[in-house]
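S.K.: Contents are compact mmCIF, C-alpha atoms; file name model_35.txt:
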# COMPACT_ATOMS: atom_id res chain seq x y z
CA MET A 1 13.28 12.61 9.86
CA LYS A 2 12.82 9.26 8.15
CA ILE A 3 13.53 8.98 4.44
CA PHE A 4 11.86 6.22 2.41
CA TYR A 5 13.17 5.39 -1.06
CA HIS A 6 10.42 3.50 -2.85
CA CYS A 7 10.42 1.49 -6.06
CA PHE A 8 8.60 -1.56 -7.46
CA GLY A 9 10.07 -4.37 -5.37
CA SER A 10 12.54 -2.65 -3.01
CA ALA A 11 15.22 -4.97 -4.39
CA HIS A 12 17.29 -2.83 -6.74
CA THR A 13 16.81 0.88 -7.50
CA SER A 14 15.69 1.94 -4.03
CA VAL A 15 18.53 -0.03 -2.43
CA VAL A 16 21.13 1.64 -4.65
CA ALA A 17 19.72 5.15 -4.09
CA ALA A 18 19.44 4.64 -0.32
CA SER A 19 22.97 3.21 -0.16
CA ILE A 20 24.36 6.25 -1.97
CA HIS A 21 22.46 8.43 0.49
CA VAL A 22 23.96 6.78 3.58
CA GLY A 23 27.42 6.49 2.01
CA LEU A 24 27.75 2.73 1.51
CA ILE A 25 28.88 3.28 -2.09
CA PRO A 26 30.89 6.24 -3.41
CA ARG A 27 29.49 9.31 -5.16
CA SER A 28 32.64 10.39 -6.93
CA GLU A 29 33.08 7.26 -9.04
CA THR A 30 31.09 4.34 -10.36
CA PRO A 31 31.37 1.35 -7.98
CA SER A 32 32.32 -2.15 -9.07
CA TYR A 33 29.96 -5.04 -9.83
CA ASP A 34 30.77 -6.74 -6.51
CA GLU A 35 30.26 -3.58 -4.49
CA ILE A 36 26.70 -3.29 -5.82
CA LEU A 37 26.03 -6.97 -5.22
CA ALA A 38 27.22 -6.71 -1.60
CA LEU A 39 24.69 -3.99 -0.70
CA PRO A 40 22.17 -4.93 2.01
CA TYR A 41 18.96 -6.47 0.60
CA PHE A 42 20.19 -6.02 -2.98
CA ASP A 43 18.33 -8.52 -5.22
CA ARG A 44 17.30 -10.50 -2.13
CA VAL A 45 13.73 -9.35 -1.44
CA ASN A 46 11.04 -11.97 -2.16
CA LYS A 47 7.65 -11.26 -3.69
CA GLU A 48 5.97 -11.86 -0.33
CA GLN A 49 8.17 -9.28 1.37
CA ILE A 50 7.21 -6.42 -0.96
CA GLY A 51 5.83 -3.60 1.16
CA CYS A 52 8.03 -4.27 4.21
CA PRO A 53 10.26 -1.29 4.93
CA PHE A 54 13.96 -2.20 5.22
CA PHE A 55 16.41 -0.13 7.25
CA ILE A 56 19.56 0.73 5.29
CA GLY A 57 21.32 3.14 7.65
CA ARG A 58 21.65 6.69 8.89
CA ASP A 59 22.95 9.60 6.81
CA ARG A 60 25.40 12.21 8.11
CA TRP A 61 22.58 14.35 9.56
CA GLY A 62 21.20 11.40 11.51
CA HIS A 63 18.14 10.79 9.32
CA GLU A 64 17.05 7.17 9.12
CA VAL A 65 17.01 5.84 5.55
CA TYR A 66 14.70 2.99 4.50
CA THR A 67 13.67 1.24 1.31
CA ILE A 68 10.15 0.08 0.55
CA GLY A 69 8.49 -1.65 -2.41
CA MET A 70 5.08 -0.56 -3.68
CA LYS A 71 4.45 -2.72 -6.76
CA SER A 72 2.44 -1.01 -9.48
CA ASP A 73 -0.24 0.64 -7.30
CA LYS A 74 2.18 3.25 -6.04
CA GLN A 75 -0.38 6.00 -5.44
CA VAL A 76 -2.72 3.71 -3.51
CA VAL A 77 0.06 2.52 -1.20
CA LEU A 78 1.32 6.08 -0.70
CA ASN A 79 -2.21 7.24 0.16
CA ALA A 80 -2.57 4.37 2.62
CA LEU A 81 0.75 5.06 4.34
CA ASN A 82 0.22 8.81 4.53
CA SER A 83 -3.26 8.44 6.01
CA TYR A 84 -1.94 5.79 8.42
CA LEU A 85 0.77 8.18 9.62
CA LYS A 86 -1.76 10.99 9.93
CA GLU A 87 -4.23 8.90 11.92
CA PHE A 88 -1.93 7.04 14.29
CA ILE A 89 1.50 8.66 14.37
CA GLY A 90 0.54 12.30 14.16
CA ASP A 91 3.09 13.99 11.96
CA PRO A 92 3.35 12.85 8.33
CA ASP A 93 5.90 15.63 7.67
CA ASP A 94 8.40 13.62 9.64
CA VAL A 95 8.55 11.21 6.70
CA PHE A 96 10.00 11.98 3.27
CA TRP A 97 9.08 9.82 0.26
CA VAL A 98 11.43 9.52 -2.71
CA ASP A 99 10.52 7.73 -5.92
CA ALA A 100 13.70 5.86 -6.85
CA LEU A 101 12.12 4.57 -10.05
CA ALA A 102 12.75 8.00 -11.55
CA SER A 103 16.35 6.99 -12.17
CA ILE A 104 15.75 3.53 -13.64
CA ASN A 105 16.60 2.52 -17.19
CA PHE A 106 15.13 -0.12 -19.47
CA VAL A 107 17.81 -2.77 -18.87
CA THR A 108 17.42 -2.59 -15.08
CA ARG A 109 13.66 -2.91 -15.46
CA ILE A 110 13.91 -6.02 -17.61
CA GLY A 111 16.67 -7.53 -15.44
CA GLY A 112 14.68 -6.87 -12.29
CA TYR A 113 11.66 -8.61 -13.74
CA ILE A 114 13.71 -11.64 -14.83
CA SER A 115 15.48 -11.94 -11.47
CA ARG A 116 12.65 -11.14 -9.02
CA GLY A 117 9.51 -11.73 -11.09
CA LEU A 118 10.54 -14.91 -12.90
CA GLY A 119 13.14 -16.05 -10.37
CA CYS A 120 15.93 -16.52 -12.93
CA VAL A 121 18.73 -14.92 -10.91
CA CYS A 122 21.64 -16.04 -13.08
CA LEU A 123 20.32 -14.08 -16.05
CA GLY A 124 18.52 -11.20 -14.31
CA ARG A 125 21.14 -10.17 -11.79
CA PRO A 126 23.97 -9.28 -14.23
CA LEU A 127 21.48 -7.33 -16.36
CA VAL A 128 20.24 -5.34 -13.35
CA ILE A 129 23.73 -4.47 -12.17
CA TRP A 130 24.88 -3.58 -15.67
CA GLY A 131 21.88 -1.27 -16.02
CA ILE A 132 22.47 0.35 -12.65
CA LEU A 133 26.14 0.98 -13.38
CA LYS A 134 25.13 2.53 -16.72
CA SER A 135 22.69 4.96 -15.11
CA TYR A 136 24.71 5.54 -11.94
CA PRO A 137 25.04 9.33 -12.46
CA SER A 138 21.26 9.71 -12.41
CA PHE A 139 21.12 7.97 -9.01
CA ILE A 140 23.69 10.42 -7.65
CA LYS A 141 21.67 13.31 -9.09
CA LEU A 142 18.52 12.02 -7.37
CA VAL A 143 20.22 11.66 -3.99
CA LYS A 144 21.80 15.12 -4.21
CA GLN A 145 18.39 16.60 -5.02
CA VAL A 146 16.85 14.82 -2.02
CA GLU A 147 19.56 16.11 0.30
CA LYS A 148 19.00 19.63 -0.96
CA GLU A 149 15.28 19.41 -0.24
CA ILE A 150 15.80 17.96 3.22
CA LYS A 151 18.24 20.71 4.14
CA VAL A 152 15.71 23.35 3.12
CA ASP A 153 13.25 21.75 5.52
CA MET B 1 -7.54 -2.44 18.75
CA ILE B 2 -7.94 -1.03 15.25
CA TYR B 3 -10.07 -2.78 12.61
CA VAL B 4 -9.56 -1.99 8.95
CA TYR B 5 -12.09 -3.43 6.51
CA TYR B 6 -10.72 -3.34 3.02
CA SER B 7 -11.93 -4.22 -0.44
CA TYR B 8 -11.04 -3.40 -4.02
CA TRP B 9 -13.03 -0.13 -4.22
CA GLY B 10 -13.58 0.42 -0.51
CA SER B 11 -16.98 1.98 -0.94
CA TYR B 12 -19.35 -1.01 -0.96
CA ALA B 13 -18.31 -4.34 0.54
CA ALA B 14 -15.93 -2.77 3.07
CA VAL B 15 -18.51 -0.20 4.11
CA ILE B 16 -21.18 -2.89 4.60
CA ALA B 17 -18.76 -4.97 6.66
CA ALA B 18 -17.94 -1.96 8.82
CA GLY B 19 -21.69 -1.25 9.15
CA LEU B 20 -22.26 -4.82 10.33
CA HIS B 21 -19.41 -4.49 12.82
CA LEU B 22 -20.78 -1.19 14.15
CA LYS B 23 -24.31 -2.69 14.23
CA LYS B 24 -25.69 -0.05 11.90
CA ILE B 25 -27.28 -2.75 9.75
CA SER B 26 -28.77 -6.03 10.84
CA PRO B 27 -27.01 -9.25 9.84
CA VAL B 28 -30.28 -11.21 9.99
CA ARG B 29 -32.56 -9.34 7.66
CA PHE B 30 -31.56 -7.88 4.31
CA PRO B 31 -31.43 -4.09 4.82
CA THR B 32 -33.32 -1.62 2.67
CA GLU B 33 -31.55 0.37 0.00
CA ASP B 34 -31.77 3.50 2.15
CA ALA B 35 -30.01 1.76 5.01
CA PHE B 36 -27.08 1.10 2.69
CA TYR B 37 -26.91 4.63 1.38
CA ASN B 38 -27.05 6.01 4.93
CA LEU B 39 -23.88 4.15 5.84
CA PRO B 40 -20.85 6.44 6.00
CA PHE B 41 -18.93 6.54 2.69
CA PHE B 42 -21.29 4.12 0.89
CA GLY B 43 -20.57 4.81 -2.79
CA ARG B 44 -18.77 7.99 -1.88
CA ILE B 45 -15.11 7.00 -2.01
CA SER B 46 -13.77 8.30 -5.28
CA TYR B 47 -11.22 6.75 -7.58
CA LEU B 48 -8.56 9.19 -6.33
CA ASP B 49 -9.20 8.39 -2.66
CA LEU B 50 -8.19 4.75 -3.02
CA GLY B 51 -5.79 3.83 -0.23
CA LEU B 52 -6.98 6.45 2.26
CA LEU B 53 -8.11 5.14 5.64
CA LYS B 54 -11.64 6.40 6.28
CA PHE B 55 -12.88 6.47 9.84
CA ALA B 56 -16.24 4.70 10.11
CA GLY B 57 -16.81 4.79 13.87
CA ILE B 58 -16.06 3.28 17.26
CA ASP B 59 -17.62 -0.06 18.22
CA ASP B 60 -19.14 -1.02 21.58
CA LYS B 61 -15.77 -2.21 22.92
CA GLY B 62 -14.05 1.06 22.09
CA ASN B 63 -12.18 -0.23 19.01
CA LYS B 64 -11.71 2.11 16.07
CA VAL B 65 -13.16 0.89 12.77
CA TYR B 66 -11.88 2.08 9.40
CA VAL B 67 -12.69 1.30 5.78
CA MET B 68 -10.22 1.36 2.91
CA GLY B 69 -10.19 0.69 -0.81
CA CYS B 70 -6.89 -0.72 -1.89
CA ARG B 71 -7.33 -2.26 -5.35
CA LYS B 72 -4.95 -5.22 -5.57
CA ALA B 73 -2.32 -3.74 -3.25
CA ALA B 74 -3.72 -5.30 -0.06
CA GLU B 75 -0.73 -7.55 0.66
CA VAL B 76 1.75 -4.73 0.06
CA ILE B 77 -0.21 -2.38 2.31
CA LYS B 78 -0.44 -5.03 5.04
CA ASN B 79 3.34 -5.45 5.01
CA ALA B 80 3.85 -1.70 4.95
CA PHE B 81 1.52 -1.08 7.92
CA ARG B 82 3.21 -3.83 9.91
CA GLY B 83 6.59 -2.24 9.16
CA MET B 84 5.40 1.24 10.13
CA GLN B 85 4.04 -0.11 13.39
CA LYS B 86 7.48 -1.44 14.21
CA ILE B 87 9.36 1.68 13.08
CA PHE B 88 7.13 4.07 15.02
CA GLN B 89 6.62 1.63 17.91
CA GLN B 90 2.83 1.64 17.72
CA PRO B 91 1.61 -0.76 20.40
CA GLU B 92 -2.04 -0.85 19.27
CA GLN B 93 -2.97 -4.01 17.39
CA LEU B 94 -4.13 -3.45 13.84
CA ILE B 95 -6.38 -6.03 12.20
CA MET B 96 -7.02 -5.95 8.47
CA ILE B 97 -10.01 -7.87 7.18
CA ASN B 98 -10.59 -8.69 3.54
CA THR B 99 -14.18 -8.05 2.48
CA ASP B 100 -13.98 -8.91 -1.20
CA LEU B 101 -16.51 -11.67 -0.72
CA LEU B 102 -19.23 -10.56 -3.12
CA ASN B 103 -17.83 -12.39 -6.07
CA ASN B 104 -20.87 -12.24 -8.30
CA LEU B 105 -20.90 -10.57 -11.66
CA PHE B 106 -23.72 -8.11 -10.84
CA PHE B 107 -21.80 -6.64 -7.93
CA LYS B 108 -18.50 -6.44 -9.76
CA LEU B 109 -20.00 -4.81 -12.83
CA GLY B 110 -22.09 -2.41 -10.75
CA ALA B 111 -19.13 -1.35 -8.63
CA TRP B 112 -16.95 -0.88 -11.68
CA LEU B 113 -19.59 1.21 -13.48
CA SER B 114 -20.27 3.50 -10.52
CA CYS B 115 -16.74 3.82 -9.19
CA ARG B 116 -14.69 3.95 -12.32
CA TRP B 117 -17.10 5.64 -14.73
CA GLN B 118 -19.57 7.39 -12.38
CA ILE B 119 -22.57 5.68 -14.04
CA ARG B 120 -24.47 5.65 -10.77
CA LYS B 121 -28.00 4.80 -11.85
CA ILE B 122 -27.41 1.51 -13.64
CA GLY B 123 -24.38 0.79 -11.46
CA GLY B 124 -26.41 1.26 -8.28
CA LEU B 125 -29.17 -1.08 -9.49
CA LEU B 126 -26.72 -3.83 -10.36
CA LEU B 127 -24.87 -3.29 -7.10
CA THR B 128 -27.92 -3.68 -4.88
CA TRP B 129 -28.90 -6.78 -6.79
CA GLY B 130 -25.41 -8.20 -6.33
CA ILE B 131 -25.31 -7.37 -2.63
CA ARG B 132 -28.73 -9.01 -2.18
CA LYS B 133 -27.41 -12.20 -3.78
CA GLY B 134 -24.26 -12.43 -1.68
CA PHE B 135 -25.31 -10.79 1.57
CA SER B 136 -25.96 -13.86 3.72
CA GLN B 137 -22.75 -15.54 2.61
CA MET B 138 -20.79 -12.38 3.34
CA VAL B 139 -22.30 -12.12 6.83
CA SER B 140 -21.32 -15.68 7.70
CA VAL B 141 -17.75 -15.34 6.38
CA LEU B 142 -17.23 -12.07 8.25
CA LYS B 143 -18.56 -13.61 11.44
CA ASP B 144 -16.05 -16.45 11.15
CA SER B 145 -13.16 -14.11 10.42
CA ARG B 146 -13.94 -12.07 13.52
CA TYR B 147 -14.29 -15.14 15.74
CA GLU B 148 -10.88 -16.35 14.61
CA ARG B 149 -9.29 -13.35 16.22
Since I need it in another form, could you write the structure as structure tokens?
M.R.:
Amino acid sequence: MKIFYHCFGSAHTSVVAASIHVGLIPRSETPSYDEILALPYFDRVNKEQIGCPFFIGRDRWGHEVYTIGMKSDKQVVLNALNSYLKEFIGDPDDVFWVDALASINFVTRIGGYISRGLGCVCLGRPLVIWGILKSYPSFIKLVKQVEKEIKVD
Amino acid sequence: MIYVYYSYWGSYAAVIAAGLHLKKISPVRFPTEDAFYNLPFFGRISYLDLGLLKFAGIDDKGNKVYVMGCRKAAEVIKNAFRGMQKIFQQPEQLIMINTDLLNNLFFKLGAWLSCRWQIRKIGGLLLTWGIRKGFSQMVSVLKDSRYER
């Protein structure tokens, strides 16, 4: 199975959630500022790259974990991808979509906009990471929920 | 090869472009209103169906032709499709063609009224008027875009 964590720009929330899922950052404790910054693709995805799926790693059951950005028209992009999979790949059940924006807080949102939307990294990046560290438990909750659902499948 | 004609709503400009590709309407003469409404999905893609790939037919070279409404998410969807092709190792070439070429006010207002608010009577009138105004220009641009590939 392939698991896609999606958010607005695939630069922050989806990267953190996917990294927790594959075990790049710990679940038992909150990671440090530098650990978050060192994650693959974290705060490095350009506006033109939004929509490209990025491979983060494999989880302990061998599922491939990806991140993908969908901007604000989330439902339209999801419809498009699901119908694409149905038409050309055959089995859309092989793919599991997770909305990583469910675990975002206000500070991360603002920081993400300043860093990615306006391009002011020096101000946006610390805000994003501060916000993520603040709401880290909700990311862990999301990942645990996803793993539970996948196991049931 | 797979052709996807996309536009904002996916039920007018994209459908006409697919009809031209499949030779269901003539590029030379302006078609009648019935000819438009007989095209598959013309005015029948609802607000909730935006993003879904709708199969319009197979052209004379055996290529599949689809229409899609994708609001302003076209670039994101293009990237996403390209990525999926790589992940699932799809060898078939997928070509996405923008059909938002009817940039006149009549068409835009008509499409908005009938798609967003289901006001089909007035919307339909404005739409046909708008299509009539921009049809020849649309045909020439589409021709160019297909020759490029």
S.K.: As a VMD selection string, please: the residues near Arg125 (chain A) (cut-off 10 Å, only C-alpha atoms, same-chain neighbours under 6 positions excluded).
M.R.: chain A and resid 12 37 42 to 43 108 111 to 116 131
S.K.: Write out as a VMD selection string the residues lying within 12 Å of Arg132 (chain B), counting only C-alpha atoms and excluding same-chain residues fewer than 4 positions away.
M.R.: chain B and resid 13 16 29 to 33 36 102 104 106 to 107 125 to 128 136 to 139
S.K.: Could you tell me which residues of chain A sit within 8 Å of chain B when counting only C-alpha atoms, and give me the result as a list in words?
M.R.: Gln49, Ile50, Gly51, Cys52, Pro53, Ile68, Gly69, Met70, Lys71, Asp73, Gln75, Val76, Val77, Leu78, Asn79, Ala80, Leu81, Asn82, Ser83, Tyr84, Phe88 and Ile89 of chain A
S.K.: Distance CA of Glu87 (chain A)-CA of Ile58 (chain B), one decimal place?
M.R.: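 Straight-line distance from CA of Glu87 (chain A) to CA of Ile58 (chain B) works out to 14.1 Å.
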S.K.: One decimal, in Å: what's the spacing between CA of Glu48 (chain A) and CA of Asp93 (chain A)?
M.R.: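 We find that CA of Glu48 (chain A) and CA of Asp93 (chain A) lie 28.6 Å from each other.
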S.K.: What is the CA of Ser28 (chain A) to CA of Val16 (chain A) distance in Å?
M.R.: 14.6 Å
S.K.: Measuring atom to atom with only C-alpha atoms, identify which of A:Val45, A:Met1, A:Val107, A:Val65 is nearest to Ile132 (chain A).
M.R.: A:Val107
S.K.: Which residue gives the smallest distance to Leu133 (chain A) among A:Val146, A:Glu29, A:Val15, A:Phe4, with all atoms listed in the file counted?
M.R.: A:Glu29
S.K.: Which neighbours of Val98 (chain A) fall inside 12 Å, counting all atoms listed in the file, when residues of the same chain fewer than 3 positions from it are skipped, and could you give them as a ChimeraX atom specification?
M.R.: /A:2-7,13-15,17-18,21,65-70,74,78,95,101-103,139,142-147,149-150
S.K.: Dump C-alpha atoms for the selected residues as a PDB file, in the frame of the given file?
M.R.:
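This is the output file out30.pdb:
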ATOM      1  CA  LYS A   2      12.820   9.260   8.150  1.00  0.00           C
ATOM      2  CA  ILE A   3      13.530   8.980   4.440  1.00  0.00           C
ATOM      3  CA  PHE A   4      11.860   6.220   2.410  1.00  0.00           C
ATOM      4  CA  TYR A   5      13.170   5.390  -1.060  1.00  0.00           C
ATOM      5  CA  HIS A   6      10.420   3.500  -2.850  1.00  0.00           C
ATOM      6  CA  CYS A   7      10.420   1.490  -6.060  1.00  0.00           C
ATOM      7  CA  THR A  13      16.810   0.880  -7.500  1.00  0.00           C
ATOM      8  CA  SER A  14      15.690   1.940  -4.030  1.00  0.00           C
ATOM      9  CA  VAL A  15      18.530  -0.030  -2.430  1.00  0.00           C
ATOM     10  CA  ALA A  17      19.720   5.150  -4.090  1.00  0.00           C
ATOM     11  CA  ALA A  18      19.440   4.640  -0.320  1.00  0.00           C
ATOM     12  CA  HIS A  21      22.460   8.430   0.490  1.00  0.00           C
ATOM     13  CA  VAL A  65      17.010   5.840   5.550  1.00  0.00           C
ATOM     14  CA  TYR A  66      14.700   2.990   4.500  1.00  0.00           C
ATOM     15  CA  THR A  67      13.670   1.240   1.310  1.00  0.00           C
ATOM     16  CA  ILE A  68      10.150   0.080   0.550  1.00  0.00           C
ATOM     17  CA  GLY A  69       8.490  -1.650  -2.410  1.00  0.00           C
ATOM     18  CA  MET A  70       5.080  -0.560  -3.680  1.00  0.00           C
ATOM     19  CA  LYS A  74       2.180   3.250  -6.040  1.00  0.00           C
ATOM     20  CA  LEU A  78       1.320   6.080  -0.700  1.00  0.00           C
ATOM     21  CA  VAL A  95       8.550  11.210   6.700  1.00  0.00           C
ATOM     22  CA  LEU A 101      12.120   4.570 -10.050  1.00  0.00           C
ATOM     23  CA  ALA A 102      12.750   8.000 -11.550  1.00  0.00           C
ATOM     24  CA  SER A 103      16.350   6.990 -12.170  1.00  0.00           C
ATOM     25  CA  PHE A 139      21.120   7.970  -9.010  1.00  0.00           C
ATOM     26  CA  LEU A 142      18.520  12.020  -7.370  1.00  0.00           C
ATOM     27  CA  VAL A 143      20.220  11.660  -3.990  1.00  0.00           C
ATOM     28  CA  LYS A 144      21.800  15.120  -4.210  1.00  0.00           C
ATOM     29  CA  GLN A 145      18.390  16.600  -5.020  1.00  0.00           C
ATOM     30  CA  VAL A 146      16.850  14.820  -2.020  1.00  0.00           C
ATOM     31  CA  GLU A 147      19.560  16.110   0.300  1.00  0.00           C
ATOM     32  CA  GLU A 149      15.280  19.410  -0.240  1.00  0.00           C
ATOM     33  CA  ILE A 150      15.800  17.960   3.220  1.00  0.00           C
TER      34      ILE A 150
END
